[in-house]
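What follows is the content of input27.txt, which has compact mmCIF, C-alpha atoms:
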```
# COMPACT_ATOMS: atom_id res chain seq x y z
CA MET P 768 0.00 0.00 0.00
CA ILE P 769 1.34 3.42 -0.96
CA PHE P 770 0.32 4.81 2.40
CA ASP P 771 2.49 2.29 4.24
CA LYS P 772 5.39 3.04 1.95
CA VAL P 773 5.29 6.76 2.69
CA LEU P 774 4.92 6.35 6.43
CA SER P 775 6.77 3.24 7.48
CA HIS P 776 10.01 3.37 5.59
CA GLY P 777 12.76 5.75 6.53
CA LYS P 778 14.01 6.52 9.99
CA LYS P 779 13.44 10.25 9.63
CA GLU P 780 9.76 9.78 8.83
CA GLN P 781 9.34 7.28 11.65
CA LYS P 782 10.89 9.71 14.11
CA VAL P 783 8.54 12.51 13.02
CA ILE P 784 5.51 10.23 13.35
CA GLU P 785 6.59 9.18 16.84
CA ASN P 786 7.08 12.79 17.87
CA ILE P 787 3.70 13.87 16.52
CA GLN P 788 2.09 11.09 18.56
CA ARG P 789 4.07 12.20 21.58
CA HIS P 790 2.87 15.76 20.98
CA ILE P 791 -0.81 14.77 20.86
CA LYS P 792 -0.43 12.45 23.85
CA LEU P 793 1.06 15.33 25.82
CA LEU P 794 -1.87 17.49 24.76
CA CYS P 795 -4.30 14.88 26.12
CA TYR P 796 -2.37 14.88 29.37
CA ALA P 797 -2.44 18.68 29.53
CA CYS P 798 -6.21 18.67 28.97
CA ASP P 799 -6.64 16.06 31.70
CA LEU P 800 -4.50 18.08 34.09
CA PHE P 801 -6.47 21.23 33.26
CA LYS P 802 -9.75 19.44 33.99
CA ARG P 803 -8.44 18.05 37.27
CA ALA P 804 -7.13 21.46 38.30
CA LEU P 805 -10.59 22.95 37.71
CA GLU P 806 -12.30 20.13 39.62
CA GLN P 807 -9.96 20.38 42.57
CA HIS P 808 -9.57 24.18 42.42
CA ASP P 809 -5.85 23.50 42.43
CA ARG P 810 -3.68 26.34 41.18
CA ASN P 811 -0.49 24.29 41.51
CA LEU P 812 -1.88 21.70 39.12
CA MET P 813 -2.71 24.57 36.78
CA ARG P 814 0.93 25.65 36.86
CA LYS P 815 1.88 22.21 35.60
CA VAL P 816 -0.28 22.85 32.51
CA ILE P 817 1.97 25.85 31.81
CA ASP P 818 5.05 23.60 32.09
CA LEU P 819 3.49 21.12 29.66
CA GLU P 820 3.04 23.89 27.09
CA ARG P 821 6.80 24.45 27.17
CA GLU P 822 7.41 20.74 26.73
CA GLY P 823 4.98 20.79 23.81
CA ASP P 824 6.90 23.71 22.29
CA SER P 825 10.15 21.77 22.30
CA ILE P 826 8.51 18.73 20.67
CA ARG P 827 7.02 21.03 18.01
CA ARG P 828 10.47 22.51 17.23
CA GLU P 829 11.94 19.03 17.01
CA ILE P 830 9.24 17.87 14.57
CA ILE P 831 9.50 20.91 12.34
CA SER P 832 13.28 20.79 12.14
CA SER P 833 13.17 17.04 11.35
CA VAL P 834 10.64 17.67 8.61
CA TYR P 835 12.73 20.40 7.02
CA LYS P 836 15.88 18.32 7.35
CA GLY P 837 14.35 16.01 4.79
CA ALA P 838 11.65 13.82 6.28
CA PHE P 839 8.78 13.21 3.88
CA LEU P 840 8.32 14.40 0.33
CA PRO P 841 8.63 18.19 0.03
CA TYR P 842 5.02 18.78 -0.97
CA LEU P 843 3.77 17.00 2.20
CA ARG P 844 5.95 18.99 4.58
CA PRO P 845 3.87 22.20 4.81
CA ASP P 846 0.72 20.24 5.64
CA LEU P 847 2.46 18.21 8.34
CA CYS P 848 3.99 21.33 9.85
CA LYS P 849 0.65 23.11 9.70
CA PHE P 850 -0.95 20.24 11.63
CA VAL P 851 1.75 20.44 14.30
CA GLU P 852 1.28 24.23 14.51
CA ILE P 853 -2.47 23.77 15.02
CA VAL P 854 -1.84 21.30 17.87
CA ASP P 855 0.61 23.78 19.33
CA HIS P 856 -2.07 26.48 19.20
CA ILE P 857 -4.20 24.29 21.49
CA PHE P 858 -1.31 24.15 23.96
CA ASP P 859 -1.18 27.96 23.82
CA LEU P 860 -4.87 28.25 24.58
CA LEU P 861 -4.50 25.89 27.55
CA GLU P 862 -1.51 27.82 28.81
CA ASP P 863 -3.26 31.21 28.53
CA ASN P 864 -6.26 29.79 30.31
CA ALA P 865 -4.10 28.31 33.05
CA TYR P 866 -2.67 31.80 33.66
CA HIS P 867 -6.17 33.26 33.66
CA TYR P 868 -7.35 30.69 36.18
CA ILE P 869 -4.46 31.49 38.49
CA ASP P 870 -5.43 35.18 38.36
CA ILE P 871 -9.16 34.93 38.96
CA GLU P 872 -11.69 33.26 41.19
CA LEU P 873 -14.07 31.38 38.92
CA PRO P 874 -17.71 32.31 39.79
CA GLU P 875 -19.57 29.43 41.37
CA GLN P 876 -22.47 29.58 38.89
CA ILE P 877 -20.23 28.70 35.94
CA ASP P 878 -17.90 26.31 37.74
CA ASP P 879 -19.72 23.07 36.79
CA GLU P 880 -20.17 23.99 33.15
CA CYS P 881 -16.49 24.94 32.84
CA ILE P 882 -15.50 21.54 34.25
CA ARG P 883 -17.86 19.92 31.79
CA VAL P 884 -16.26 21.74 28.85
CA ALA P 885 -12.79 20.80 30.14
CA PHE P 886 -13.92 17.16 30.29
CA LEU P 887 -15.28 17.29 26.73
CA ASN P 888 -12.04 18.97 25.60
CA LEU P 889 -10.15 15.97 26.98
CA ARG P 890 -12.45 13.56 25.14
CA ILE P 891 -12.14 15.44 21.85
CA CYS P 892 -8.33 15.41 22.22
CA GLU P 893 -8.44 11.65 22.65
CA ILE P 894 -10.43 11.37 19.42
CA LEU P 895 -7.78 13.50 17.69
CA MET P 896 -5.18 10.97 18.83
CA ILE P 897 -7.37 8.14 17.53
CA THR P 898 -7.80 9.99 14.21
CA PHE P 899 -4.04 10.29 13.83
CA LYS P 900 -3.53 6.60 14.62
CA ALA P 901 -6.28 5.67 12.17
CA MET P 902 -4.57 7.76 9.50
CA LEU P 903 -1.34 5.85 10.07
CA LYS P 904 -3.25 2.62 9.54
CA GLY P 905 -4.68 4.02 6.30
CA GLU P 906 -8.23 3.87 7.62
CA ASP P 907 -11.11 6.07 6.49
CA LEU P 908 -11.24 9.04 8.88
CA ARG P 909 -14.87 9.90 8.30
CA GLU P 910 -16.18 8.33 11.52
CA LYS P 911 -13.45 9.91 13.61
CA THR P 912 -13.89 13.43 12.26
CA LEU P 913 -17.65 13.10 12.74
CA ALA P 914 -17.09 12.27 16.42
CA ILE P 915 -14.94 15.39 16.71
CA ARG P 916 -17.67 17.51 15.12
CA ILE P 917 -20.26 16.05 17.52
CA TYR P 918 -18.15 17.03 20.52
CA GLU P 919 -17.54 20.46 19.04
CA LYS P 920 -21.27 21.09 18.63
CA LYS P 921 -21.90 19.93 22.19
CA ILE P 922 -19.33 22.40 23.50
CA ASP P 923 -20.83 25.14 21.32
CA ASP P 924 -24.20 24.59 23.01
CA ILE P 925 -22.64 24.84 26.45
CA LYS P 926 -20.73 27.94 25.36
CA MET P 927 -23.92 29.91 24.67
CA ASN P 928 -25.21 29.01 28.10
CA LEU P 929 -21.93 29.96 29.74
CA ILE P 930 -21.95 33.34 28.03
CA ARG P 931 -25.50 33.98 29.23
CA GLU P 932 -24.58 33.01 32.78
CA VAL P 933 -21.39 35.01 32.89
CA ARG P 934 -23.22 38.17 31.85
CA LYS P 935 -25.03 38.02 35.18
CA VAL P 936 -21.77 37.95 37.14
CA ARG P 937 -20.87 41.23 38.77
CA VAL P 938 -17.27 42.27 38.21
CA ASP P 939 -15.45 45.07 39.98
CA THR P 940 -12.87 46.04 37.40
CA PHE P 941 -12.47 45.99 33.63
CA TRP P 942 -9.60 43.50 33.85
CA GLU P 943 -11.53 41.10 36.03
CA GLY P 944 -14.28 41.03 33.41
CA LYS P 945 -11.80 40.77 30.55
CA ILE P 946 -9.98 37.82 32.09
CA LEU P 947 -13.24 36.02 32.85
CA SER P 948 -14.49 36.61 29.32
CA ASP P 949 -11.19 35.44 27.80
CA PHE P 950 -11.21 32.36 30.04
CA ILE P 951 -14.57 31.25 28.64
CA SER P 952 -13.60 32.14 25.06
CA TYR P 953 -10.37 30.14 25.19
CA LEU P 954 -11.92 27.21 27.04
CA THR P 955 -14.62 26.85 24.40
CA MET P 956 -12.28 27.64 21.49
CA ILE P 957 -10.13 24.55 22.08
CA SER P 958 -12.71 22.28 20.43
CA ASP P 959 -12.84 24.57 17.37
CA VAL P 960 -9.08 24.32 16.96
CA ILE P 961 -9.15 20.54 17.42
CA GLU P 962 -11.79 20.40 14.71
CA ASP P 963 -9.39 22.37 12.45
CA ALA P 964 -6.63 19.91 13.32
CA SER P 965 -8.79 16.93 12.42
CA ASP P 966 -9.80 18.59 9.13
CA HIS P 967 -6.12 19.01 8.42
CA LEU P 968 -5.47 15.35 9.11
CA GLN P 969 -8.11 14.58 6.53
CA ILE P 970 -6.20 16.75 4.01
CA ILE P 971 -2.93 14.99 4.84
CA ASN P 972 -4.67 11.63 4.50
CA LEU P 973 -5.93 12.55 1.05
CA SER P 974 -2.49 13.82 0.01
CA TYR P 975 -0.92 10.49 0.98
CA GLN P 976 -3.51 8.56 -0.96
CA ILE P 977 -2.81 10.62 -4.07
CA THR P 978 0.99 10.03 -3.72
CA MET T 1237 -20.17 5.27 27.74
CA LYS T 1238 -22.12 6.63 30.70
CA VAL T 1239 -25.01 9.04 30.17
CA GLN T 1240 -23.39 11.69 32.34
CA GLU T 1241 -20.66 12.02 29.72
CA PHE T 1242 -22.95 13.26 27.01
CA MET T 1243 -26.30 14.24 28.56
CA THR T 1244 -27.70 17.73 28.19
CA THR T 1245 -27.15 19.52 31.46
CA ARG T 1246 -29.05 22.63 30.51
CA ILE T 1247 -32.52 22.08 31.89
CA GLU T 1248 -35.20 24.72 31.68
CA PHE T 1249 -38.32 24.69 33.78
CA ILE T 1250 -41.71 26.30 33.33
CA ASN T 1251 -44.53 26.92 35.73
CA ALA T 1252 -47.32 24.34 35.32
CA ASP T 1253 -49.91 27.11 35.15
CA GLY T 1254 -47.95 29.10 32.63
CA SER T 1255 -49.38 29.26 29.11
CA VAL T 1256 -48.18 27.25 26.13
CA TYR T 1257 -47.37 30.63 24.58
CA GLU T 1258 -44.76 31.10 27.33
CA VAL T 1259 -43.48 27.60 26.59
CA ILE T 1260 -42.99 28.48 22.90
CA GLU T 1261 -41.38 31.78 23.85
CA LYS T 1262 -38.89 30.04 26.13
CA MET T 1263 -38.09 27.30 23.61
CA VAL T 1264 -37.42 29.81 20.84
CA ASP T 1265 -35.55 32.21 23.11
CA LYS T 1266 -33.26 29.59 24.60
CA ARG T 1267 -33.07 27.39 21.50
CA ILE T 1268 -34.18 24.28 23.35
CA ARG T 1269 -36.48 21.44 22.38
CA SER T 1270 -38.01 20.54 25.74
CA LEU T 1271 -39.01 22.02 29.06
CA LEU T 1272 -39.72 20.45 32.42
CA VAL T 1273 -42.95 21.33 34.18
CA LYS T 1274 -43.26 21.04 37.96
CA LEU T 1275 -46.73 19.62 38.36
CA SER T 1276 -47.04 19.60 42.15
CA GLU T 1277 -45.02 20.15 45.29
CA LYS T 1278 -44.33 16.42 45.58
CA ASP T 1279 -40.75 15.31 45.01
CA ASN T 1280 -39.87 14.78 41.37
CA ASP T 1281 -43.41 15.30 40.15
CA TYR T 1282 -42.50 16.69 36.77
CA GLY T 1283 -43.87 16.55 33.29
CA VAL T 1284 -42.10 17.34 30.06
CA ILE T 1285 -43.17 19.42 27.09
CA THR T 1286 -41.45 18.98 23.75
CA ALA T 1287 -41.83 20.94 20.52
CA ARG T 1288 -43.79 17.93 19.25
CA ASP T 1289 -46.36 18.36 22.08
CA VAL T 1290 -46.78 22.03 21.25
CA VAL T 1291 -47.27 21.41 17.53
CA PHE T 1292 -49.47 18.32 17.77
CA LYS T 1293 -51.56 19.20 20.81
CA VAL T 1294 -52.01 22.93 20.24
CA MET T 1295 -50.93 24.37 16.88
CA ALA T 1296 -52.29 21.55 14.72
CA LYS T 1297 -55.66 21.96 16.40
CA SER T 1298 -55.61 25.74 15.80
CA ILE T 1299 -55.93 26.43 19.51
CA ASP T 1300 -54.62 29.74 20.84
CA PRO T 1301 -51.46 28.84 22.84
CA LYS T 1302 -52.28 31.61 25.31
CA ASN T 1303 -55.44 29.73 26.30
CA VAL T 1304 -53.74 26.44 27.13
CA LYS T 1305 -51.82 25.77 30.32
CA ALA T 1306 -48.46 24.02 30.28
CA ARG T 1307 -49.75 21.25 32.59
CA GLU T 1308 -52.47 20.38 30.07
CA ILE T 1309 -50.04 19.27 27.39
CA ALA T 1310 -47.15 18.03 29.54
CA SER T 1311 -46.33 14.35 29.30
CA ASN T 1312 -45.92 12.47 32.54
CA PRO T 1313 -44.88 10.44 34.44
CA LEU T 1314 -41.27 10.79 33.40
CA VAL T 1315 -38.68 8.08 33.37
CA TYR T 1316 -35.76 8.80 35.65
CA ILE T 1317 -32.35 7.17 35.25
CA ASP T 1318 -29.08 7.26 37.13
CA GLN T 1319 -26.24 9.31 35.64
CA ASP T 1320 -24.03 6.21 35.66
CA MET T 1321 -26.33 4.31 33.30
CA ASP T 1322 -24.80 3.19 30.04
CA PHE T 1323 -26.09 4.76 26.80
CA ASN T 1324 -27.03 1.35 25.38
CA GLU T 1325 -29.17 0.69 28.41
CA ALA T 1326 -30.74 4.14 28.06
CA ALA T 1327 -31.60 3.43 24.41
CA THR T 1328 -33.25 0.13 25.38
CA LEU T 1329 -35.25 1.88 28.07
CA MET T 1330 -36.41 4.56 25.60
CA LYS T 1331 -37.60 1.87 23.22
CA LYS T 1332 -39.31 -0.10 25.96
CA ALA T 1333 -41.13 2.93 27.38
CA ASN T 1334 -41.65 4.44 23.90
CA ILE T 1335 -40.32 7.81 24.98
CA SER T 1336 -37.78 10.20 23.52
CA ARG T 1337 -36.40 11.71 26.70
CA LEU T 1338 -35.00 10.35 29.95
CA ILE T 1339 -34.41 12.46 33.01
CA VAL T 1340 -30.99 11.94 34.55
CA CYS T 1341 -30.58 12.05 38.31
CA ASP T 1342 -27.68 12.13 40.71
CA ASP T 1343 -29.15 10.62 43.84
CA LYS T 1344 -32.56 12.32 43.71
CA LYS T 1345 -31.46 15.55 42.11
CA ILE T 1346 -32.20 16.12 38.41
CA VAL T 1347 -28.89 16.82 36.68
CA GLY T 1348 -29.64 16.36 33.00
CA VAL T 1349 -31.76 15.10 30.16
CA VAL T 1350 -30.92 12.45 27.59
CA ALA T 1351 -32.70 12.89 24.29
CA MET T 1352 -32.71 10.67 21.18
CA MET T 1353 -30.13 12.94 19.58
CA ASP T 1354 -27.76 12.40 22.53
CA VAL T 1355 -28.15 8.64 22.19
CA MET T 1356 -27.33 8.81 18.49
CA SER T 1357 -24.32 11.07 19.12
CA ALA T 1358 -23.03 8.76 21.84
CA ALA T 1359 -23.35 5.78 19.50
CA LEU T 1360 -21.31 7.56 16.83
CA ILE T 1361 -18.62 8.51 19.33
CA LYS T 1362 -18.46 4.95 20.59
CA ARG T 1363 -18.06 3.77 17.00
CA ALA T 1364 -15.20 6.20 16.42
CA ARG T 1365 -13.41 4.96 19.56
CA ARG T 1366 -13.79 1.25 18.94
CA ASP T 1367 -10.55 -0.68 18.42
CA TYR T 1368 -8.58 2.13 20.03
CA ASP T 1369 -7.66 1.88 23.65
CA LEU T 1370 -6.20 5.07 25.06
```
Go ahead and render the structure in this file as structure tokens.
Amino acid sequence: MIFDKVLSHGKKEQKVIENIQRHIKLLCYACDLFKRALEQHDRNLMRKVIDLEREGDSIRREIISSVYKGAFLPYLRPDLCKFVEIVDHIFDLLEDNAYHYIDIELPEQIDDECIRVAFLNLRICEILMITFKAMLKGEDLREKTLAIRIYEKKIDDIKMNLIREVRKVRVDTFWEGKILSDFISYLTMISDVIEDASDHLQIINLSYQIT
Amino acid sequence: MKVQEFMTTRIEFINADGSVYEVIEKMVDKRIRSLLVKLSEKDNDYGVITARDVVFKVMAKSIDPKNVKAREIASNPLVYIDQDMDFNEAATLMKKANISRLIVCDDKKIVGVVAMMDVMSAALIKRARRDYDL
């Protein structure tokens, strides 16, 4: 199978694939940590999410330099790098939100829904990992990307409710309100970015099949 | 997959003596498909009104929704399930009771609703995850 030929042969390619999997696995762990930090109201756990973003950054650099040192056919490289950049963007959102959480006291009325979104973010990340693995096996990604879209829609529904609830929260300063608003935006944006990442995997998958 | 993972946690209530017009207003305003109606002061004595009830029991009969009370078109008794119930089990229960919504409880507190759409979504997610152990 052409797909196997592109992915399995060559140490450079294998190394990149392993690192991308490591990157997504780390993202799942960061999402899990974020969720647990929210559940336990633990700011120290939230600080670990910030550390994981740095670890994610170094994996991203490693992948991109390996790709441009000659792994994979040149026309596939931009798409692979773009995918890694999208995953990195999710790390950035988690990191920004971890900082926000450390700075504010999350209002009680939105606490449960935020935990719920964090839980769904973890689940959608897991599906992204599954999608990547399925791509390596040369499977059809349709079912996986559909699952991602289902989660994304679910989070979108919760987002509208969260926005309505947060409008009722009294804030004392502009910055308090801004941080709270950003926290909800970033928390609910993660699923959108994961959806972009899965769409990109679909593009990569098609490119491989054309090769 | 447990129902608590994918149930709808946003539950809206309406007064049993409120009009069906208010029901429609709330459904459109909040973009929801069902509302719970507290029928009496007894514990968990609720009914549910879906868009289907409004259309079939009021609109299709050309009745003015302002002249009908919510309690008159609410379906009850409801079927309550535990939040740890599996989606497959929930689907079987829906079929058995011929209903499209289950009310999810944590102990005796209502914490969510599982609709047909949630069951279908859960099935698709389960399908996407099969063969992959994370």
At most 7 Å to chain P: residues in chain T, all atoms listed in the file, as a ChimeraX atom specification: /T:1357,1360-1361,1364,1368
Write a file of the selected residues as a CSV table (one decimal), in the frame of the given file, keeping C-alpha atoms.
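Printed below is part09.csv as written:
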```
chain,number,residue,atom,x,y,z
T,1357,SER,CA,-24.3,11.1,19.1
T,1360,LEU,CA,-21.3,7.6,16.8
T,1361,ILE,CA,-18.6,8.5,19.3
T,1364,ALA,CA,-15.2,6.2,16.4
T,1368,TYR,CA,-8.6,2.1,20.0
```
For a test of reading the model, state the distance in Å between atom CA of Leu1329 of chain T and atom CA of Lys1274 of chain T, rounded to one decimal. 23.0 Å
Rank T:Ala1327, T:Val1304, T:Ile1299, T:Val1264 by their smallest atom-to-atom distance to Val1355 of chain T, using all atoms listed in the file, and report the top residue only.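 For Val1355 of chain T, the nearest of the candidates is T:Ala1327.
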Show which residues sit within 8 Å of Ile1317 of chain T, as a PyMOL selection string. Count all atoms listed in the file, and ignore same-chain residues fewer than 2 positions away. chain T and resi 1315+1319+1321+1326+1338-1341
Mind writing the picked residues with C-alpha atoms as a CSV table (one decimal), in the frame of the given file?
```csv
chain,number,residue,atom,x,y,z
T,1315,VAL,CA,-38.7,8.1,33.4
T,1319,GLN,CA,-26.2,9.3,35.6
T,1321,MET,CA,-26.3,4.3,33.3
T,1326,ALA,CA,-30.7,4.1,28.1
T,1338,LEU,CA,-35.0,10.4,30.0
T,1339,ILE,CA,-34.4,12.5,33.0
T,1340,VAL,CA,-31.0,11.9,34.6
T,1341,CYS,CA,-30.6,12.0,38.3
```
Residue neighbourhood Asp949 of chain P, 12 Å, only C-alpha atoms, exclusion window fewer than 5 positions, as number ranges by chain: P: 860-861, 863-868, 871, 930, 933, 942-944, 954-956
Export of prior selection with C-alpha atoms as a PDB file, in the coordinates of the input:
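result-v1.pdb, written as the output of this step:
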```
ATOM      1  CA  LEU P 860      -4.870  28.250  24.580  1.00  0.00           C
ATOM      2  CA  LEU P 861      -4.500  25.890  27.550  1.00  0.00           C
ATOM      3  CA  ASP P 863      -3.260  31.210  28.530  1.00  0.00           C
ATOM      4  CA  ASN P 864      -6.260  29.790  30.310  1.00  0.00           C
ATOM      5  CA  ALA P 865      -4.100  28.310  33.050  1.00  0.00           C
ATOM      6  CA  TYR P 866      -2.670  31.800  33.660  1.00  0.00           C
ATOM      7  CA  HIS P 867      -6.170  33.260  33.660  1.00  0.00           C
ATOM      8  CA  TYR P 868      -7.350  30.690  36.180  1.00  0.00           C
ATOM      9  CA  ILE P 871      -9.160  34.930  38.960  1.00  0.00           C
ATOM     10  CA  ILE P 930     -21.950  33.340  28.030  1.00  0.00           C
ATOM     11  CA  VAL P 933     -21.390  35.010  32.890  1.00  0.00           C
ATOM     12  CA  TRP P 942      -9.600  43.500  33.850  1.00  0.00           C
ATOM     13  CA  GLU P 943     -11.530  41.100  36.030  1.00  0.00           C
ATOM     14  CA  GLY P 944     -14.280  41.030  33.410  1.00  0.00           C
ATOM     15  CA  LEU P 954     -11.920  27.210  27.040  1.00  0.00           C
ATOM     16  CA  THR P 955     -14.620  26.850  24.400  1.00  0.00           C
ATOM     17  CA  MET P 956     -12.280  27.640  21.490  1.00  0.00           C
TER      18      MET P 956
END
```
Tell me which of P:Asn811, P:Ser825, P:Thr940, P:Ser974 sits closest to Ile787 of chain P, counting only C-alpha atoms. P:Ser825
